[in-house]
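A.B. asks: This is the content of work.txt (compact mmCIF, C-alpha atoms):
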```
# COMPACT_ATOMS: atom_id res chain seq x y z
CA MET A 1 34.33 -182.97 -71.21
CA ALA A 2 35.03 -179.83 -69.23
CA ASP A 3 32.17 -177.39 -69.44
CA ASN A 4 32.54 -173.63 -69.11
CA LEU A 5 36.12 -173.09 -68.03
CA GLY A 6 36.55 -176.31 -66.09
CA VAL A 7 33.09 -176.84 -64.62
CA GLU A 8 32.11 -180.39 -65.43
CA LEU A 9 28.84 -182.18 -65.61
CA ARG A 10 28.66 -184.93 -62.97
CA CYS A 11 26.71 -188.07 -62.19
CA GLN A 12 23.78 -187.31 -59.87
CA VAL A 13 24.70 -190.26 -57.61
CA CYS A 14 28.50 -190.57 -57.44
CA ALA A 15 29.58 -187.14 -58.79
CA GLN A 16 31.82 -188.85 -61.35
CA PRO A 17 32.81 -186.09 -63.83
CA GLU A 18 32.08 -186.36 -67.52
CA SER A 19 35.82 -186.30 -68.24
CA ARG A 20 36.15 -189.76 -66.66
CA THR A 21 33.02 -191.46 -67.96
CA ALA A 22 30.29 -190.93 -70.54
CA LEU A 23 27.22 -189.44 -68.91
CA SER A 24 23.63 -189.77 -70.07
CA ARG A 25 20.67 -187.62 -69.12
CA CYS A 26 17.45 -188.76 -67.52
CA ALA A 27 15.31 -189.68 -70.54
CA ALA A 28 12.17 -188.11 -69.06
CA CYS A 29 13.30 -184.67 -67.84
CA HIS A 30 16.78 -184.24 -69.37
CA ALA A 31 17.82 -182.32 -66.25
CA VAL A 32 20.12 -184.74 -64.42
CA TYR A 33 23.02 -186.90 -65.53
CA TYR A 34 24.07 -190.45 -64.68
CA CYS A 35 27.23 -192.45 -65.34
CA GLY A 36 25.22 -195.63 -65.92
CA THR A 37 21.86 -197.32 -65.69
CA GLU A 38 22.71 -198.68 -62.23
CA HIS A 39 22.94 -195.18 -60.80
CA GLN A 40 19.85 -194.03 -62.64
CA LYS A 41 17.87 -196.95 -61.15
CA GLU A 42 19.39 -196.31 -57.70
CA ASP A 43 18.37 -192.64 -57.83
CA TRP A 44 14.91 -193.11 -59.36
CA LYS A 45 13.00 -193.19 -56.06
CA ALA A 46 14.58 -189.89 -54.97
CA HIS A 47 14.45 -188.31 -58.44
CA LYS A 48 10.91 -189.34 -59.42
CA ALA A 49 9.08 -186.38 -57.82
CA ASN A 50 11.57 -183.81 -59.11
CA CYS A 51 11.61 -185.44 -62.56
CA LYS A 52 8.03 -184.31 -63.14
CA LYS A 53 8.89 -180.78 -62.01
CA PHE A 54 11.93 -180.57 -64.30
CA LYS A 55 9.83 -181.90 -67.17
CA ALA A 56 7.22 -179.19 -66.50
CA ALA A 57 10.02 -176.59 -66.42
CA ALA A 58 11.37 -177.90 -69.74
CA GLU A 59 7.94 -177.45 -71.29
CA SER A 60 7.10 -174.00 -69.89
CA GLY A 61 10.48 -172.53 -68.86
CA VAL A 62 9.86 -172.46 -65.13
CA PHE A 63 7.86 -174.55 -62.65
CA LYS A 64 6.90 -173.02 -59.29
CA GLU A 65 6.20 -175.13 -56.21
CA ILE A 66 4.89 -173.10 -53.25
CA THR A 67 6.47 -174.28 -50.02
CA SER A 68 5.01 -171.58 -47.72
CA GLU A 69 1.93 -169.46 -48.46
CA GLY A 70 2.25 -165.67 -48.57
CA GLN A 71 -0.02 -162.74 -47.76
CA GLY A 72 -2.23 -160.62 -50.02
CA ASP A 73 -2.25 -160.55 -53.80
CA ALA A 74 0.51 -161.50 -56.21
CA VAL A 75 3.15 -158.76 -56.38
CA GLY A 76 2.88 -158.36 -60.16
CA ALA A 77 5.44 -157.46 -62.81
CA ARG A 78 5.08 -153.69 -62.30
CA SER A 79 6.59 -153.77 -58.81
CA SER A 80 9.96 -153.45 -57.21
CA VAL A 81 10.38 -156.82 -55.53
CA SER A 82 12.86 -157.84 -52.81
CA ILE A 83 13.67 -161.52 -52.54
CA HIS A 84 16.03 -163.80 -50.68
CA PHE A 85 17.11 -166.80 -52.70
CA THR A 86 19.49 -169.71 -52.90
CA GLY A 87 20.47 -170.91 -56.38
CA MET A 88 21.38 -174.57 -56.77
CA LEU A 89 22.37 -177.06 -59.42
CA THR A 90 20.20 -180.18 -59.84
CA THR A 91 22.71 -182.03 -57.64
CA GLY A 92 21.81 -179.72 -54.74
CA LEU A 93 25.13 -177.86 -54.93
CA HIS A 94 24.54 -174.25 -53.84
CA TYR A 95 26.23 -171.76 -56.14
CA TYR A 96 24.84 -168.44 -54.86
CA SER A 97 22.67 -167.22 -52.00
CA THR A 98 21.43 -163.90 -50.65
CA ARG A 99 20.47 -165.53 -47.37
CA GLY A 100 22.74 -164.34 -44.62
CA SER A 101 23.51 -161.13 -46.48
CA PRO A 102 22.45 -157.81 -44.96
CA SER A 103 19.98 -157.02 -47.74
CA PRO A 104 17.83 -159.02 -50.14
CA PHE A 105 18.10 -158.89 -53.94
CA THR A 106 15.75 -156.21 -55.31
CA PHE A 107 14.61 -155.91 -58.91
CA ALA A 108 11.69 -154.77 -61.06
CA PRO A 109 10.52 -157.72 -63.19
CA ALA A 110 9.00 -155.52 -65.91
CA ARG A 111 12.15 -153.38 -66.22
CA ASP A 112 15.29 -155.34 -65.33
CA ARG A 113 16.77 -157.19 -68.30
CA ASP A 114 19.80 -158.62 -66.47
CA VAL A 115 17.76 -160.96 -64.24
CA LEU A 116 17.18 -164.60 -65.14
CA ARG A 117 14.02 -164.98 -67.20
CA GLY A 118 12.83 -167.72 -64.83
CA LEU A 119 12.86 -165.24 -61.93
CA VAL A 120 11.24 -162.52 -64.06
CA GLU A 121 8.41 -164.92 -64.97
CA ALA A 122 7.85 -166.56 -61.56
CA VAL A 123 8.48 -163.87 -58.93
CA PRO A 124 5.56 -161.61 -60.04
CA THR A 125 3.20 -164.52 -59.33
CA MET A 126 4.41 -164.69 -55.72
CA ARG A 127 2.87 -162.97 -52.70
CA VAL A 128 4.80 -161.20 -49.95
CA LYS A 129 6.13 -163.71 -47.38
CA GLU A 130 5.58 -166.57 -49.88
CA ARG A 131 8.37 -169.09 -50.26
CA ALA A 132 8.67 -171.28 -53.34
CA THR A 133 11.01 -173.62 -55.12
CA LEU A 134 11.54 -172.69 -58.76
CA TYR A 135 12.70 -175.30 -61.27
CA ILE A 136 14.18 -173.33 -64.17
CA SER A 137 15.02 -174.67 -67.62
CA PRO A 138 18.31 -173.74 -69.34
CA GLU A 139 16.41 -171.47 -71.75
CA TYR A 140 15.03 -169.48 -68.81
CA SER A 141 18.31 -169.44 -66.86
CA HIS A 142 21.79 -168.87 -68.29
CA GLY A 143 21.65 -171.27 -71.24
CA MET A 144 24.90 -171.25 -73.22
CA PHE A 145 26.11 -168.12 -71.40
CA ALA A 146 26.37 -169.51 -67.88
CA PRO A 147 28.91 -167.91 -65.55
CA ARG A 148 32.21 -169.71 -65.25
CA ASP A 149 31.19 -171.58 -62.08
CA LEU A 150 28.13 -173.25 -63.71
CA PRO A 151 27.87 -175.82 -66.50
CA HIS A 152 26.19 -174.29 -69.55
CA ASN A 153 22.68 -175.43 -70.47
CA SER A 154 21.96 -176.47 -66.88
CA PHE A 155 18.61 -176.70 -65.19
CA LEU A 156 18.68 -174.66 -61.97
CA VAL A 157 16.69 -174.82 -58.75
CA PHE A 158 15.97 -171.67 -56.75
CA ASP A 159 14.60 -171.50 -53.22
CA VAL A 160 12.96 -168.05 -53.26
CA GLU A 161 11.25 -166.02 -50.56
CA CYS A 162 9.43 -162.82 -51.47
CA VAL A 163 10.40 -160.41 -48.69
CA ALA A 164 8.73 -157.17 -49.86
CA ALA A 165 7.14 -155.52 -52.88
CA GLU A 166 6.30 -151.97 -53.83
CA ARG A 167 4.11 -151.05 -56.80
CA LEU A 168 5.86 -148.90 -59.38
CA PRO A 169 4.12 -145.98 -61.11
```
Would you kindly transcribe this structure into structure tokens?

C.D. replies:
Amino acid sequence: MADNLGVELRCQVCAQPESRTALSRCAACHAVYYCGTEHQKEDWKAHKANCKKFKAAAESGVFKEITSEGQGDAVGARSSVSIHFTGMLTTGLHYYSTRGSPSPFTFAPARDRDVLRGLVEAVPTMRVKERATLYISPEYSHGMFAPRDLPHNSFLVFDVECVAAERLP
């Protein structure tokens, strides 16, 4: 079935759209879809590590995996934080990135209400120059109100780098 103005859910392995075959979710994490048990078994070795991360995100909203340590203390919620990020679907499809743009995305976690809750929760725990992968549940991302280029109720993966932070009064 088409999801959000034509965006369709797809099998993690063969990208078969839901309109052509019935898809089922991974029983453990509920984050990825498969067109059959053969593809789920084929993908298990690759999916196993991420399955635990998606499951943790489903339980708490967001799971943060540090990929490069930062400097100093955590930036905190009462800061203006500049980040570079790449947003991806669970299939690895990039849907938005600030990398390569002239300026990073800047927001104040304690004040900005139009930023994904997963970013608002995780970015204040980061340190300047830290890079992390965020696994974000649908409830902490767009949920039912995803933009037209994303399936609704999707788990998202963000590769985030904290570029700078300034404490707010």

A.B. asks: For His142 in chain A, list every protein, DNA or RNA residue within 10 Å, evaluated using all atoms listed in the file, and leave out those in the same chain fewer than 6 positions away; present the list as a list in words.

C.D. replies: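 So, after excluding close chain neighbours, the residues are Val115, Leu116, Arg117, Gly118, Ile136, Leu150, Pro151, His152, Asn153, Ser154, Phe155 and Leu156 of chain A.
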
A.B. asks: Hey, what's within 9 Å of Ala77 in chain A if we count all atoms listed in the file and toss same-chain stuff fewer than 3 positions away? As a list in words, please?

C.D. replies: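 In the requested format, the answer is Ser80, Val81, Ala108, Pro109, Ala110, Arg111, Val120, Glu121, Val123, Pro124, Thr125 and Arg167 of chain A.
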
A.B. asks: Using only C-alpha atoms, which of the listed residues (A:Cys11, A:Tyr96, A:Lys41, A:Ser137) sits closest to Ala58 in chain A?

C.D. replies: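 With only C-alpha atoms as the atom set, the closest residue is A:Ser137.
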
A.B. asks: Let me make sure I understand: among A:Leu119, A:Ala132, A:Cys35, A:Leu93, which one has the smallest atom-to-atom distance to Arg20 in chain A if we use all atoms listed in the file?

C.D. replies: A:Cys35

A.B. asks: Which one is closest to Leu23 in chain A: A:Glu161, A:Glu8, A:Glu65, A:Asp114? Count only C-alpha atoms.

C.D. replies: A:Glu8

A.B. asks: Take the point (6.8, -168.4, -51.5) as written in the file and pick out every residue within 10 Å of it, counting all atoms listed in the file; give the list as a list in words.

C.D. replies: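 In the file's frame, the residues around the point are Lys64, Glu65, Ile66, Thr67, Ser68, Glu69, Gly70, Gln71, Ile83, Val123, Thr125, Met126, Arg127, Val128, Lys129, Glu130, Arg131, Ala132, Thr133, Leu134, Asp159, Val160, Glu161, Cys162 and Val163 of chain A.
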
A.B. asks: Using all atoms listed in the file, which of the listed residues (A:Thr91, A:Ala28, A:Gly72, A:Pro147) sits closest to Ala56 in chain A?

C.D. replies: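 Nearest to Ala56 in chain A: A:Ala28.
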
A.B. asks: Quick one: everything within 12 Å of Ser101 in chain A, counting only C-alpha atoms, minus sequence neighbours fewer than 2 positions away in the same chain. Send it as a list in words.

C.D. replies: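 Skipping anything fewer than 2 positions along the chain leaves Ile83, His84, Phe85, Thr86, Tyr96, Ser97, Thr98, Arg99, Ser103, Pro104 and Phe105 of chain A.
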
A.B. asks: Which is closest to Val75 in chain A among A:Glu59, A:Ala122, A:Phe54, A:Ser141, if we use only C-alpha atoms?

C.D. replies: A:Ala122

A.B. asks: So the first atom is CA of Cys29 in chain A and the second is CA of Gly76 in chain A; what is the distance between them in Å, to one decimal place?

C.D. replies: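 Separation between CA of Cys29 in chain A and CA of Gly76 in chain A: 29.3 Å.
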
A.B. asks: Select, from A:Lys55, A:Glu18, A:Phe107, A:Ala46, the residue with the minimum atom-to-atom distance to Leu168 in chain A, counting only C-alpha atoms.

C.D. replies: A:Phe107

A.B. asks: Give me, please, the distance in Å between CA of Val13 in chain A and CA of Lys45 in chain A, quoted to one decimal.

C.D. replies: 12.2 Å

A.B. asks: Tell me, in Å to one decimal, how far CA of Glu166 in chain A is from CA of Gly100 in chain A.

C.D. replies: 22.5 Å

A.B. asks: Could you write out as AutoDock Vina command-line options the box around range 5-24 of chain A (axis-aligned, all atoms listed in the file, 4 Å on each side), with centre and edge lengths in Å to one decimal?

C.D. replies:
```
--center_x 30.1 --center_y -182.3 --center_z -64.0 --size_x 20.9 --size_y 26.4 --size_z 21.1
```

A.B. asks: Leaving out Gly36 in chain A and any residue of its chain fewer than 5 positions from it, which residues lie within 12 Å of it when counting only C-alpha atoms, given as a CSV table (one decimal) with C-alpha atoms, in the frame of the given file?

C.D. replies:
```csv
chain,number,residue,atom,x,y,z
A,10,ARG,CA,28.7,-184.9,-63.0
A,11,CYS,CA,26.7,-188.1,-62.2
A,12,GLN,CA,23.8,-187.3,-59.9
A,13,VAL,CA,24.7,-190.3,-57.6
A,14,CYS,CA,28.5,-190.6,-57.4
A,15,ALA,CA,29.6,-187.1,-58.8
A,16,GLN,CA,31.8,-188.8,-61.4
A,18,GLU,CA,32.1,-186.4,-67.5
A,21,THR,CA,33.0,-191.5,-68.0
A,22,ALA,CA,30.3,-190.9,-70.5
A,23,LEU,CA,27.2,-189.4,-68.9
A,24,SER,CA,23.6,-189.8,-70.1
A,25,ARG,CA,20.7,-187.6,-69.1
A,26,CYS,CA,17.4,-188.8,-67.5
A,41,LYS,CA,17.9,-197.0,-61.2
A,42,GLU,CA,19.4,-196.3,-57.7
A,43,ASP,CA,18.4,-192.6,-57.8
```

A.B. asks: For range 123-134 of chain A, supply all heavy atoms and report the output as a compact mmCIF listing (two decimals), in the coordinates of the input.

C.D. replies:
```txt
# COMPACT_ATOMS: atom_id res chain seq x y z
N VAL A 123 8.57 -164.72 -60.12
CA VAL A 123 8.48 -163.87 -58.93
C VAL A 123 7.22 -162.98 -58.95
O VAL A 123 6.57 -162.84 -57.90
CB VAL A 123 9.78 -163.04 -58.73
CG1 VAL A 123 9.59 -161.97 -57.67
CG2 VAL A 123 10.93 -163.98 -58.36
N PRO A 124 6.79 -162.41 -60.07
CA PRO A 124 5.56 -161.61 -60.04
C PRO A 124 4.31 -162.39 -59.63
O PRO A 124 3.33 -161.80 -59.21
CB PRO A 124 5.43 -161.10 -61.48
CG PRO A 124 6.82 -161.10 -62.00
CD PRO A 124 7.48 -162.30 -61.37
N THR A 125 4.35 -163.70 -59.73
CA THR A 125 3.20 -164.52 -59.33
C THR A 125 3.21 -164.81 -57.83
O THR A 125 2.26 -165.39 -57.31
CB THR A 125 3.16 -165.86 -60.09
OG1 THR A 125 4.23 -166.69 -59.65
CG2 THR A 125 3.23 -165.64 -61.59
N MET A 126 4.29 -164.42 -57.15
CA MET A 126 4.41 -164.69 -55.72
C MET A 126 3.73 -163.60 -54.90
O MET A 126 3.49 -162.49 -55.39
CB MET A 126 5.89 -164.79 -55.33
CG MET A 126 6.60 -165.97 -55.96
SD MET A 126 8.35 -166.08 -55.51
CE MET A 126 8.20 -166.68 -53.82
N ARG A 127 3.43 -163.93 -53.66
CA ARG A 127 2.87 -162.97 -52.70
C ARG A 127 3.93 -162.69 -51.64
O ARG A 127 4.84 -163.50 -51.43
CB ARG A 127 1.61 -163.53 -52.07
CG ARG A 127 0.53 -163.82 -53.10
CD ARG A 127 -0.73 -164.39 -52.53
NE ARG A 127 -0.47 -165.67 -51.90
CZ ARG A 127 -1.26 -166.24 -51.00
NH1 ARG A 127 -2.35 -165.63 -50.59
NH2 ARG A 127 -0.97 -167.40 -50.47
N VAL A 128 3.85 -161.54 -51.00
CA VAL A 128 4.80 -161.20 -49.95
C VAL A 128 4.75 -162.28 -48.86
O VAL A 128 3.67 -162.76 -48.51
CB VAL A 128 4.49 -159.80 -49.36
CG1 VAL A 128 5.38 -159.51 -48.16
CG2 VAL A 128 4.67 -158.73 -50.43
N LYS A 129 5.91 -162.66 -48.39
CA LYS A 129 6.13 -163.71 -47.38
C LYS A 129 5.98 -165.13 -47.96
O LYS A 129 6.13 -166.11 -47.24
CB LYS A 129 5.21 -163.57 -46.17
CG LYS A 129 5.31 -162.24 -45.47
CD LYS A 129 6.62 -162.06 -44.78
CE LYS A 129 6.63 -160.74 -44.00
NZ LYS A 129 7.95 -160.23 -43.79
N GLU A 130 5.67 -165.25 -49.25
CA GLU A 130 5.58 -166.57 -49.88
C GLU A 130 6.98 -167.11 -50.11
O GLU A 130 7.91 -166.36 -50.41
CB GLU A 130 4.86 -166.48 -51.22
CG GLU A 130 4.71 -167.81 -51.94
CD GLU A 130 3.95 -167.67 -53.25
OE1 GLU A 130 2.81 -167.12 -53.23
OE2 GLU A 130 4.48 -168.08 -54.29
N ARG A 131 7.11 -168.42 -49.95
CA ARG A 131 8.37 -169.09 -50.26
C ARG A 131 8.06 -170.18 -51.27
O ARG A 131 7.05 -170.89 -51.13
CB ARG A 131 8.99 -169.67 -48.99
CG ARG A 131 10.43 -170.10 -49.18
CD ARG A 131 11.11 -170.28 -47.84
NE ARG A 131 12.49 -170.67 -48.04
CZ ARG A 131 13.38 -170.72 -47.08
NH1 ARG A 131 13.05 -170.37 -45.85
NH2 ARG A 131 14.61 -171.09 -47.34
N ALA A 132 8.91 -170.30 -52.28
CA ALA A 132 8.67 -171.28 -53.34
C ALA A 132 9.98 -171.83 -53.86
O ALA A 132 11.03 -171.20 -53.75
CB ALA A 132 7.89 -170.63 -54.48
N THR A 133 9.88 -173.03 -54.41
CA THR A 133 11.01 -173.62 -55.12
C THR A 133 10.72 -173.47 -56.60
O THR A 133 9.65 -173.86 -57.07
CB THR A 133 11.18 -175.11 -54.76
OG1 THR A 133 11.35 -175.22 -53.34
CG2 THR A 133 12.38 -175.71 -55.46
N LEU A 134 11.68 -172.88 -57.31
CA LEU A 134 11.54 -172.69 -58.76
C LEU A 134 12.47 -173.66 -59.47
O LEU A 134 13.67 -173.71 -59.17
CB LEU A 134 11.89 -171.26 -59.15
CG LEU A 134 11.18 -170.13 -58.43
CD1 LEU A 134 11.67 -168.79 -58.94
CD2 LEU A 134 9.67 -170.26 -58.58
```
